[in-house]
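Quick look at work.txt (compact mmCIF, C-alpha atoms):
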# COMPACT_ATOMS: atom_id res chain seq x y z
CA MET R 1 84.65 157.17 187.48
CA ALA R 2 84.72 159.92 184.86
CA ILE R 3 83.89 163.53 185.54
CA PHE R 4 80.62 163.36 183.58
CA ALA R 5 79.32 160.88 186.15
CA PHE R 6 80.27 163.33 188.88
CA LEU R 7 78.52 166.17 187.12
CA THR R 8 75.34 164.25 186.40
CA SER R 9 75.02 162.62 189.81
CA GLN R 10 75.92 165.71 191.81
CA PHE R 11 74.77 168.62 189.68
CA GLY R 12 72.64 167.32 186.81
CA VAL R 13 75.04 168.49 184.10
CA ALA R 14 74.91 166.97 180.64
CA GLN R 15 77.03 163.84 180.16
CA GLN R 16 79.92 165.32 178.26
CA ALA R 17 83.52 165.30 179.47
CA THR R 18 86.74 166.81 178.15
CA PRO R 19 90.19 165.36 178.87
CA GLN R 20 90.75 168.14 181.40
CA GLN R 21 87.48 167.37 183.16
CA GLN R 22 88.43 163.71 183.37
CA LYS R 23 91.16 164.68 185.84
CA VAL R 24 88.70 165.82 188.48
CA GLN R 25 86.96 162.47 188.78
CA ILE R 26 88.06 162.15 192.42
CA LEU R 27 85.82 165.07 193.38
CA GLN R 28 82.71 162.92 193.12
CA GLN R 29 83.52 160.63 196.01
CA ILE R 30 85.04 163.46 198.05
CA PHE R 31 82.01 165.74 197.94
CA ALA R 32 79.50 162.90 198.04
CA GLU R 33 81.00 160.95 200.94
CA ARG R 34 82.51 163.65 203.14
CA ALA R 35 79.14 165.40 203.51
CA LYS R 36 77.51 162.42 205.21
CA ARG R 37 79.50 161.87 208.38
CA PRO R 38 80.42 165.27 209.94
CA HIS R 39 76.95 165.86 211.38
CA GLN R 40 77.47 162.98 213.80
CA TYR R 41 80.01 164.91 215.87
CA GLU R 42 80.38 167.81 218.27
CA TRP R 43 83.66 169.62 218.88
CA ILE R 44 85.33 172.60 220.55
CA GLU R 45 86.21 175.61 218.44
CA THR R 46 88.89 178.05 219.68
CA THR R 47 89.10 181.41 217.90
CA THR R 48 91.75 184.09 218.32
CA VAL R 49 91.34 187.54 216.79
CA THR R 50 94.36 189.75 216.11
CA VAL R 51 93.78 193.46 215.54
CA ASP R 52 96.60 195.70 214.33
CA GLY R 53 99.15 193.16 215.54
CA HIS R 54 97.60 192.72 219.00
CA SER R 55 96.01 189.37 219.85
CA ARG R 56 92.79 189.30 221.87
CA PRO R 57 92.06 186.57 224.42
CA PRO R 58 90.93 183.38 222.65
CA LYS R 59 87.25 182.43 222.77
CA GLN R 60 85.87 178.90 222.81
CA SER R 61 82.56 177.49 221.65
CA MET R 62 81.00 174.04 221.65
CA CYS R 63 79.93 173.28 218.08
CA ARG R 64 77.56 170.87 216.44
CA TYR R 65 75.40 170.85 213.33
CA ALA R 66 71.84 172.10 213.63
CA PRO R 67 68.99 170.36 211.74
CA ASP R 68 69.25 172.97 208.95
CA GLY R 69 72.86 171.94 208.28
CA LYS R 70 74.46 175.05 209.78
CA VAL R 71 77.01 174.96 212.59
CA GLN R 72 75.51 175.84 215.96
CA ARG R 73 77.97 177.47 218.39
CA THR R 74 77.49 177.69 222.17
CA PRO R 75 80.04 179.95 223.93
CA LEU R 76 82.10 178.29 226.66
CA GLY R 77 83.64 179.91 229.74
CA THR R 78 82.57 182.93 231.71
CA GLY R 79 82.92 185.49 228.93
CA GLY R 80 79.46 184.98 227.48
CA ALA R 81 78.31 185.64 223.95
CA GLY R 82 79.32 189.30 223.99
CA ALA R 83 82.81 188.83 225.43
CA GLU R 84 84.56 188.91 222.08
CA GLU R 85 82.96 192.18 221.13
CA ARG R 86 83.89 193.72 224.49
CA ASP R 87 87.51 192.59 224.13
CA LEU R 88 87.93 194.18 220.71
CA GLY R 89 88.50 197.60 222.23
CA ALA R 90 90.79 198.74 225.03
CA PRO R 91 89.31 199.62 228.45
CA LEU R 92 87.40 202.85 228.26
CA ARG R 93 89.49 205.03 230.54
CA GLY R 94 90.56 208.66 230.45
CA GLY R 95 88.67 211.80 229.50
CA LEU R 96 85.54 212.08 227.41
CA ILE R 97 87.43 212.69 224.15
CA ARG R 98 89.68 209.67 224.69
CA ARG R 99 86.76 207.44 225.60
CA ALA R 100 84.81 208.60 222.54
CA ARG R 101 87.76 207.90 220.25
CA MET R 102 88.32 204.45 221.72
CA GLU R 103 84.64 203.63 221.44
CA LYS R 104 84.71 204.67 217.78
CA GLU R 105 87.76 202.51 217.13
CA LYS R 106 86.14 199.53 218.84
CA LYS R 107 82.99 199.91 216.74
CA ALA R 108 85.02 200.17 213.53
CA THR R 109 86.99 197.04 214.45
CA GLN R 110 83.83 195.09 215.17
CA GLU R 111 82.35 196.13 211.82
CA SER R 112 85.53 195.05 210.03
CA LEU R 113 85.45 191.71 211.84
CA GLU R 114 81.84 191.11 210.81
CA GLN R 115 82.64 192.02 207.19
CA ALA R 116 85.61 189.64 207.14
CA ARG R 117 83.52 186.80 208.55
CA ALA R 118 80.67 187.46 206.12
CA LEU R 119 83.04 187.45 203.13
CA THR R 120 84.75 184.26 204.29
CA GLN R 121 81.40 182.53 204.72
CA MET R 122 80.61 183.24 201.07
CA TYR R 123 83.42 180.80 200.21
CA LEU R 124 83.79 178.40 203.10
CA PRO R 125 82.43 175.82 203.18
CA LEU R 126 82.18 175.38 199.41
CA ASP R 127 78.70 175.85 198.02
CA ARG R 128 77.42 173.14 195.67
CA SER R 129 75.53 175.55 193.42
CA GLU R 130 78.54 177.83 193.01
CA LEU R 131 80.77 174.81 192.35
CA LYS R 132 78.35 173.67 189.67
CA LYS R 133 78.50 177.04 187.93
CA ALA R 134 82.29 177.03 188.09
CA ILE R 135 82.50 173.57 186.51
CA THR R 136 79.97 174.21 183.74
CA SER R 137 81.58 177.53 182.80
CA GLY R 138 85.02 176.00 182.49
CA GLN R 139 86.55 177.88 185.41
CA VAL R 140 88.20 174.80 186.94
CA SER R 141 91.77 173.74 186.23
CA VAL R 142 93.46 170.64 187.59
CA ASP R 143 97.10 169.75 188.03
CA ARG R 144 97.97 166.32 189.34
CA THR R 145 101.40 167.05 190.79
CA SER R 146 101.93 163.55 192.19
CA SER R 147 100.13 160.33 193.04
CA SER R 148 99.28 161.79 196.44
CA GLN R 149 98.38 165.36 195.50
CA MET R 150 95.97 166.95 193.06
CA VAL R 151 95.57 170.73 192.88
CA VAL R 152 92.15 171.99 191.79
CA VAL R 153 91.92 175.75 191.08
CA ILE R 154 88.57 177.50 190.65
CA SER R 155 88.68 181.01 189.18
CA ASN R 156 85.95 183.66 189.46
CA TYR R 157 84.15 181.52 192.04
CA ILE R 158 82.14 184.35 193.62
CA LYS R 159 83.83 187.54 192.43
CA ARG R 160 85.70 188.30 189.22
CA GLY R 161 89.37 187.73 189.83
CA ASP R 162 89.04 185.62 192.96
CA GLU R 163 90.49 182.13 193.36
CA VAL R 164 89.69 178.98 195.30
CA LYS R 165 92.35 176.28 195.51
CA LEU R 166 91.72 172.73 196.72
CA ILE R 167 94.50 170.29 197.61
CA VAL R 168 93.19 166.76 197.16
CA ASP R 169 94.65 163.35 197.92
CA PRO R 170 93.39 161.32 194.93
CA THR R 171 94.67 158.04 196.40
CA MET R 172 92.74 158.34 199.66
CA GLY R 173 89.88 160.35 198.18
CA GLN R 174 90.33 163.11 200.75
CA LEU R 175 90.24 166.89 200.72
CA ASN R 176 93.37 168.09 202.52
CA SER R 177 92.98 171.86 202.36
CA VAL R 178 91.14 174.78 200.79
CA SER R 179 92.52 178.28 200.31
CA ILE R 180 90.86 181.39 198.92
CA LYS R 181 91.98 184.73 197.57
CA THR R 182 89.30 187.39 197.31
CA TYR R 183 88.60 191.02 198.19
CA PHE R 184 86.10 193.34 199.84
CA ASP R 185 84.80 196.33 197.85
CA LYS R 186 87.95 196.75 195.72
CA PRO R 187 90.56 194.22 194.50
CA LYS R 188 93.27 196.01 196.47
CA ASN R 189 91.38 195.33 199.72
CA THR R 190 92.29 191.66 199.80
CA LEU R 191 91.21 188.81 202.03
CA THR R 192 92.91 185.44 202.12
CA ALA R 193 91.82 182.36 204.01
CA SER R 194 92.96 178.77 204.36
CA MET R 195 91.34 175.71 205.87
CA GLN R 196 93.20 172.54 206.84
CA PHE R 197 91.26 169.29 207.24
CA THR R 198 91.63 166.40 209.66
CA THR R 199 90.27 162.94 208.99
CA LEU R 200 88.69 161.12 211.93
CA ALA R 201 88.64 157.38 212.51
CA ASP R 202 85.43 156.83 210.54
CA GLY R 203 86.62 158.89 207.58
CA ALA R 204 84.74 162.08 208.46
CA GLU R 205 86.66 165.22 207.52
CA TYR R 206 86.60 168.40 209.59
CA PRO R 207 88.27 171.79 209.16
CA SER R 208 90.77 171.48 212.01
CA PHE R 209 92.56 174.81 211.47
CA THR R 210 91.34 177.93 209.67
CA THR R 211 93.07 181.27 209.18
CA VAL R 212 91.66 184.52 207.76
CA ASP R 213 93.79 187.57 206.95
CA ALA R 214 92.46 190.98 205.94
CA PRO R 215 95.47 193.34 205.72
CA SER R 216 93.42 196.37 204.65
CA LYS R 217 91.40 196.06 207.86
CA LYS R 218 94.44 195.24 209.99
CA LEU R 219 92.93 192.07 211.38
CA SER R 220 93.28 188.32 211.23
CA LEU R 221 91.52 185.33 212.74
CA SER R 222 92.68 181.83 213.53
CA THR R 223 90.34 179.01 214.50
CA THR R 224 91.30 175.59 215.81
CA SER R 225 88.81 172.73 216.11
CA SER R 226 89.54 169.91 218.55
CA GLY R 227 87.99 167.42 220.94
CA PHE R 228 85.76 165.74 218.38
CA ALA R 229 83.24 163.38 219.96
CA LYS R 230 80.36 161.48 218.47
CA LEU R 231 76.95 162.64 219.51
CA VAL R 232 74.97 160.26 221.69
CA VAL R 233 71.64 159.45 220.11
CA GLN R 234 68.89 159.72 222.70
Output the structure of this file as structure tokens.
Amino acid sequence: MAIFAFLTSQFGVAQQATPQQQKVQILQQIFAERAKRPHQYEWIETTTVTVDGHSRPPKQSMCRYAPDGKVQRTPLGTGGAGAEERDLGAPLRGGLIRRARMEKEKKATQESLEQARALTQMYLPLDRSELKKAITSGQVSVDRTSSSQMVVVISNYIKRGDEVKLIVDPTMGQLNSVSIKTYFDKPKNTLTASMQFTTLADGAEYPSFTTVDAPSKKLSLSTTSSGFAKLVVQ
């Protein structure tokens, strides 16, 4: 199926396709089909935060999709919802000056973590409206490197100079991975992220492993999703 069919059925774009656009025909079935099945599952998400080279204790949440389409996370274990924030700073010991400095560092780290998550969420998961703008403005390039791998690169997806790269299996019609290169307030303050997908028995695709690196803020995150189970309909 040609790309113009993908554009018209998914985004309402005029039926006009260039040879380059013809190469991204596989995206239609990927984005149309993969969006249907994931909401039928719940899974465990394990996140580890590393600050200035020091890893914090991993946190786990039970995840499922809420009616509005967003992922709903329920913390697991005894740490509670605020455990991650408490673990971001070292124990507040010592004199008043030391405690004040450590509290300031902990607050700054938490702010950086929230900024990194907010920026990542602007890109992942991919937004249909932003994808439409990228396609119609000619910001998508495609390189079919082999029968089992197609590389789709989207430039200026959210910010000028950023990049989103999709690795697609055109034979199976599956999205294997997504990676992004972007920045915070200035291009030198970079953030990179990657998301690997796993295909379940019924063809549903989930981001099984996600990494986020923000060198300018001296932090990184890694998230592993596992234990997928179909929801029981009451």
Q.
Env of Leu126 of chain R: 12 Å cut, atoms = only C-alpha atoms, seq-sep filter 5 positions within chain, self excluded. Answer as a PyMOL selection string.
A. chain R and resi 31+35+120-121+131-132+134+154+157-158+164-166+175+177-180+195
Judged by all atoms listed in the file, the minimum distance to Thr223 of chain R among R:Lys59, R:Lys186, R:His54, R:Lys104 is found for R:Lys59
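Between atom CA of Lys70 of chain R and atom CA of Glu114 of chain R there is a distance of 17.7 Å.
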So that I can see what lies close to segment 40-50 of chain R, please list as a ChimeraX atom specification the residues with an atom at most 9 Å from it, counting all atoms listed in the file and leaving out residues fewer than 4 positions away in the same chain.
/R:36,54-65,73,76,84,88,113,208,218-232
9 Å contact set for Thr199 of chain R, only C-alpha atoms, chain neighbours under 6 positions out, as a CSV table (one decimal) with C-alpha atoms, in the frame of the given file:
chain,number,residue,atom,x,y,z
R,174,GLN,CA,90.3,163.1,200.8
R,176,ASN,CA,93.4,168.1,202.5
R,205,GLU,CA,86.7,165.2,207.5
R,206,TYR,CA,86.6,168.4,209.6
Correct to one decimal, the distance atom CA of Lys133 of chain R-atom CA of Ser155 of chain R is 11.0 Å
Atom completion result for segment 101-118 of chain R (N, CA and C atoms) as a compact mmCIF listing (two decimals), in the frame of the given file:
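Result saved to out_4.txt:
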# COMPACT_ATOMS: atom_id res chain seq x y z
N ARG R 101 86.91 208.39 221.33
CA ARG R 101 87.76 207.90 220.25
C ARG R 101 87.92 206.39 220.33
N MET R 102 88.13 205.88 221.55
CA MET R 102 88.32 204.45 221.72
C MET R 102 87.04 203.68 221.41
N GLU R 103 85.91 204.27 221.76
CA GLU R 103 84.64 203.63 221.44
C GLU R 103 84.42 203.58 219.93
N LYS R 104 84.82 204.63 219.24
CA LYS R 104 84.71 204.67 217.78
C LYS R 104 85.61 203.64 217.13
N GLU R 105 86.83 203.50 217.66
CA GLU R 105 87.76 202.51 217.13
C GLU R 105 87.25 201.09 217.36
N LYS R 106 86.68 200.86 218.54
CA LYS R 106 86.14 199.53 218.84
C LYS R 106 84.99 199.17 217.90
N LYS R 107 84.12 200.14 217.64
CA LYS R 107 82.99 199.91 216.74
C LYS R 107 83.48 199.62 215.33
N ALA R 108 84.49 200.37 214.87
CA ALA R 108 85.02 200.17 213.53
C ALA R 108 85.66 198.79 213.40
N THR R 109 86.36 198.36 214.46
CA THR R 109 86.99 197.04 214.45
C THR R 109 85.95 195.94 214.39
N GLN R 110 84.89 196.09 215.17
CA GLN R 110 83.83 195.09 215.17
C GLN R 110 83.16 195.00 213.80
N GLU R 111 82.94 196.12 213.16
CA GLU R 111 82.35 196.13 211.82
C GLU R 111 83.27 195.43 210.82
N SER R 112 84.58 195.70 210.93
CA SER R 112 85.53 195.05 210.03
C SER R 112 85.56 193.54 210.25
N LEU R 113 85.47 193.13 211.52
CA LEU R 113 85.45 191.71 211.84
C LEU R 113 84.22 191.03 211.25
N GLU R 114 83.07 191.67 211.36
CA GLU R 114 81.84 191.11 210.81
C GLU R 114 81.91 191.03 209.29
N GLN R 115 82.49 192.03 208.65
CA GLN R 115 82.64 192.02 207.19
C GLN R 115 83.56 190.89 206.75
N ALA R 116 84.67 190.70 207.48
CA ALA R 116 85.61 189.64 207.14
C ALA R 116 84.96 188.27 207.28
N ARG R 117 84.20 188.08 208.35
CA ARG R 117 83.52 186.80 208.55
C ARG R 117 82.47 186.56 207.47
N ALA R 118 81.72 187.60 207.13
CA ALA R 118 80.67 187.46 206.12
C ALA R 118 81.28 187.10 204.76
